[in-house]
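Trainee: Once you've had a glance at the structure underneath, I'll fire off some questions.
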Amino acid sequence: MTEQNMNETHSTLENILEQRKEKIAKIKEMGFEPFPYSYTVTHKSKVVLDNYDELEEKTVSVAGRLMNIRRMGKASFAHLQDAEGRIQLYISKNDIGEESYVMFKLLDIGDIIGVKGIVMKTRTGETTVKATSLTLLTKNIRPLPIVKEKDGVVYDAFTDKELRYRKRYLDLIVNPEVKDTFVKRAAITRATRKFFDDRGYLEVETPILQALYGGANARPFVTHHNSLDQDLYLRIADELYLKRLIVGGFEKVYEFSRNFRNEGMDRSHNPEFTAIEFYEAYVDYFYMMDFVEEYFKAIAELMGSMIVEYRGEKIDFSKPFERKSMADLFTEYLKIDIAAFTEKDFADWYQKNKKEFDPKWNYGQFLDKLFDEYIEPKLIQPTFVIDYPKAISPLAKVDRKGDERFVERFELFICSSEYANAFSELNDPIDQRERLEGQDRLRVEGDDEAQAFDEDFIQAIETGMPPTGGVGIGFDRVIMLFTGQTSIKDVLLFPAMRSEKLS
RNA sequence: GGGUGCGUAGCUCAGUCGGUAGAGCAGCGGCCUUUUAAGCCGUUGGUCGAAGGUUCGAAUCCUUCCGCACUCACCA
């Protein structure tokens, strides 16, 4: 070996990349194609493993990524990983021929190959494909993290969360259980779609780029349309568009809405996330409570158990969900009669309990703060909290029972987190205009999360929206709950991360 | 934004009191036709996250910065 070549045996990443490029050249010289166009796969690994009795001595073609190679001179064992699992390969010089075996010796963990061979069992009883021919399908040049396993114990697991999220493809290759979460996510998405379709709902798509953002209180991402020479916002919610469709005469609509909110990130917030919003004409929030309850029960059933273990709690979906008004909860946990309390009473309560507060808070904000701190942590089993303060619900109808300070709104709490938010939708155009003008005043005064005034939306409501029930469900959180994940990053294939500087 | 912790070879990790960097796997060169964390022999590989500082001497101590995780706050 020349001195030049000696240097190239250094196992820096750069040299490994070079070595593997040289292998590609050698493979080509030998007359093999390192990047062919297709390969005929007859069996997935799982099918071979599950049907050994029928397939024994039969010829199959499998394809996948080499995850492990054990070379023993003139014969070798390897494990091939495809979408559904792994299967062992036995590759011997006698069976595949001198030329192919020399080529095989140039292969690395991470290469993608196709193997045609005979199904057999080894001396130790492992189902194995004994290769009669081997085809390189894609040569790898960048080394994979090496993860080993014995008796279910994983050695050198690829665990660096930053790398796993940034290079999700590596995570998926070497941590197969990660795939399960996303397979389940797809199953829940499919079931959700079926749930709505079966009930006569129409799936719609509304603008993500919006001239005005609304339907929630949040800061938006801003972008610019060049030929219109106009700033546009990425939607924070699709609510105002779905309501326009109800005005237009669709009576049941839903959308999987990717929303964008320019706010903090933590284990339950990602700047882009998925909500399911749905609106149905002629129903109120009581109807929607039943609907949402049925939905969660359907997903629990789909996932195979009405008892879901999450964050150390056993969540029971088999029983009817609790339904408690804000007022009842305040009486129960804080001995506060919110119907009688005024802003001054709340301020006195805070002083008496030596807790910090902002004297500018209004009635709704006092309720909201106290609720978050003292009541939300107690809501473990599925609980509908009903009847919210009007001040924080500008799109909901006033409570029909008569207290002007409250609206017909519910939120569903499970394990201290919010999963759904719903209203008897406000359809009185005069009230709606006043409330959105109020929001706009807050925004002008500096509340950058207050809702912008959308004149066209008001005109739609003026045209006449039937009585309507509407719901938003945090879909990523639903996925988290039913897959046992406690970070939103683990239910998003590519969670938001600060850009890294790549050389 | 605050607090805590982490950042060392491609991966997983050691690194004592401040004394000049280690292991396993992977890689590279050999042996090996039923192995399976294959084995055996040999071997390479480092801007110790970055920049300053203290010191005769820094992976180690100090400062600042960058990134990530956890957490609190904010935020539906």
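Chain labels follow the order of the structure tokens: the first chain is A, the next B, and so on; residue numbering restarts at 1 in every chain, and ligands are counted from 1 in their shown order.
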I'd like the neighbourhood of A51 (chain B) as a VMD selection string, where a residue qualifies if any of its atoms comes within 12 Å (using only C-alpha atoms (C1' of nucleotides)), though same-chain residues fewer than 4 positions away should be ignored.
Mentor: chain B and resid 63 to 66
Trainee: Would you mind listing what lies within 12 Å of Leu492 (chain A) as a ChimeraX atom specification, with only C-alpha atoms (C1' of nucleotides) counted and same-chain residues fewer than 5 positions away left out?
Mentor: /A:164-166,168,178-179,181-183,185-186,267-274,475-477,479-480,485-487,497
Trainee: For G29 (chain B), which of B:A50, B:C41, B:C70, B:A58 is the closest residue, counting only C-alpha atoms (C1' of nucleotides)?
Mentor: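 The closest residue to G29 (chain B) is B:C41.
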Trainee: Please, which residues of region 270-331 of chain A, numbered as in this document, come out helix (DSSP H, G or I) from DSSP, as a PyMOL selection string?
Mentor: chain A and resi 285-302+326-331
Trainee: Write out, as a CSV table (one decimal), in the first residue's frame, the residues just selected, with N, CA, C and O atoms.
Mentor:
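Generated file (again-v3.csv):
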chain,number,residue,atom,x,y,z
A,285,TYR,N,-73.1,24.1,22.1
A,285,TYR,CA,-71.9,23.5,22.6
A,285,TYR,C,-72.2,22.2,23.4
A,285,TYR,O,-71.3,21.4,23.6
A,286,PHE,N,-73.5,22.0,23.8
A,286,PHE,CA,-73.8,20.8,24.5
A,286,PHE,C,-73.7,19.6,23.5
A,286,PHE,O,-73.1,18.5,23.9
A,287,TYR,N,-74.2,19.8,22.3
A,287,TYR,CA,-74.1,18.8,21.3
A,287,TYR,C,-72.6,18.5,21.0
A,287,TYR,O,-72.2,17.3,20.9
A,288,MET,N,-71.8,19.6,21.0
A,288,MET,CA,-70.4,19.4,20.7
A,288,MET,C,-69.7,18.6,21.8
A,288,MET,O,-68.7,17.9,21.5
A,289,MET,N,-70.1,18.8,23.0
A,289,MET,CA,-69.5,18.1,24.1
A,289,MET,C,-69.7,16.6,23.9
A,289,MET,O,-68.7,15.8,24.0
A,290,ASP,N,-70.9,16.2,23.5
A,290,ASP,CA,-71.2,14.8,23.3
A,290,ASP,C,-70.3,14.3,22.1
A,290,ASP,O,-69.7,13.2,22.1
A,291,PHE,N,-70.2,15.1,21.1
A,291,PHE,CA,-69.4,14.8,19.9
A,291,PHE,C,-67.9,14.5,20.2
A,291,PHE,O,-67.3,13.5,19.8
A,292,VAL,N,-67.4,15.5,21.0
A,292,VAL,CA,-66.0,15.4,21.4
A,292,VAL,C,-65.7,14.2,22.2
A,292,VAL,O,-64.7,13.4,22.1
A,293,GLU,N,-66.6,13.9,23.2
A,293,GLU,CA,-66.5,12.8,24.0
A,293,GLU,C,-66.5,11.5,23.2
A,293,GLU,O,-65.7,10.6,23.4
A,294,GLU,N,-67.4,11.4,22.3
A,294,GLU,CA,-67.5,10.3,21.4
A,294,GLU,C,-66.2,10.1,20.6
A,294,GLU,O,-65.7,9.0,20.4
A,295,TYR,N,-65.6,11.2,20.1
A,295,TYR,CA,-64.4,11.2,19.4
A,295,TYR,C,-63.2,10.6,20.2
A,295,TYR,O,-62.6,9.7,19.7
A,296,PHE,N,-63.1,11.1,21.4
A,296,PHE,CA,-62.0,10.6,22.2
A,296,PHE,C,-62.1,9.1,22.5
A,296,PHE,O,-61.2,8.3,22.6
A,297,LYS,N,-63.4,8.7,22.8
A,297,LYS,CA,-63.6,7.3,23.0
A,297,LYS,C,-63.3,6.4,21.8
A,297,LYS,O,-62.8,5.3,21.9
A,298,ALA,N,-63.6,7.0,20.6
A,298,ALA,CA,-63.4,6.2,19.4
A,298,ALA,C,-61.9,6.0,19.2
A,298,ALA,O,-61.4,5.0,18.8
A,299,ILE,N,-61.1,7.1,19.5
A,299,ILE,CA,-59.6,7.0,19.4
A,299,ILE,C,-59.1,6.0,20.4
A,299,ILE,O,-58.2,5.2,20.1
A,300,ALA,N,-59.6,6.1,21.6
A,300,ALA,CA,-59.1,5.1,22.6
A,300,ALA,C,-59.4,3.7,22.2
A,300,ALA,O,-58.5,2.8,22.3
A,301,GLU,N,-60.6,3.5,21.7
A,301,GLU,CA,-60.9,2.2,21.2
A,301,GLU,C,-60.0,1.7,20.1
A,301,GLU,O,-59.5,0.6,20.0
A,302,LEU,N,-59.8,2.6,19.1
A,302,LEU,CA,-58.8,2.3,18.0
A,302,LEU,C,-57.5,1.9,18.5
A,302,LEU,O,-56.9,1.0,18.0
A,326,MET,N,-67.1,26.4,35.4
A,326,MET,CA,-66.1,27.3,36.1
A,326,MET,C,-66.5,27.6,37.5
A,326,MET,O,-65.8,27.5,38.4
A,327,ALA,N,-67.8,28.0,37.6
A,327,ALA,CA,-68.3,28.4,38.9
A,327,ALA,C,-68.2,27.3,39.9
A,327,ALA,O,-67.7,27.5,41.1
A,328,ASP,N,-68.6,26.1,39.5
A,328,ASP,CA,-68.6,24.9,40.4
A,328,ASP,C,-67.2,24.6,40.8
A,328,ASP,O,-66.9,24.3,42.0
A,329,LEU,N,-66.2,24.7,39.9
A,329,LEU,CA,-64.8,24.4,40.2
A,329,LEU,C,-64.2,25.4,41.1
A,329,LEU,O,-63.5,25.0,42.0
A,330,PHE,N,-64.6,26.7,41.0
A,330,PHE,CA,-64.1,27.7,41.9
A,330,PHE,C,-64.6,27.5,43.3
A,330,PHE,O,-63.9,27.6,44.3
A,331,THR,N,-65.9,27.1,43.4
A,331,THR,CA,-66.5,26.8,44.7
A,331,THR,C,-65.8,25.6,45.3
A,331,THR,O,-65.4,25.6,46.5
Trainee: Should the cut-off be 6 Å, what would the residue list for chain A against chain B look like, counting only C-alpha atoms (C1' of nucleotides), as a list in words?
Mentor: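 Written out as asked, the residues are Thr9, His10, Ser11, Thr12, Leu13, Met72, Gly73, Lys74, Ala75, Thr122, Arg123, Pro145, Ile146, Lys148, Glu149, Lys150, Asp156 and Glu162 of chain A.
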Trainee: Excluding region 220-223 of chain A and residues on its chain fewer than 5 positions from it, collect all residues at most 9 Å away from it, counting only C-alpha atoms (C1' of nucleotides), and give them as a list in words.
Mentor: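 Here the qualifying residues turn out to be Leu209, Tyr213, Gln230, Asp231, Leu232, Tyr233, Leu234, Arg235, Ile236, Phe260, Arg261, Asn262, Glu263 and Glu449 of chain A.
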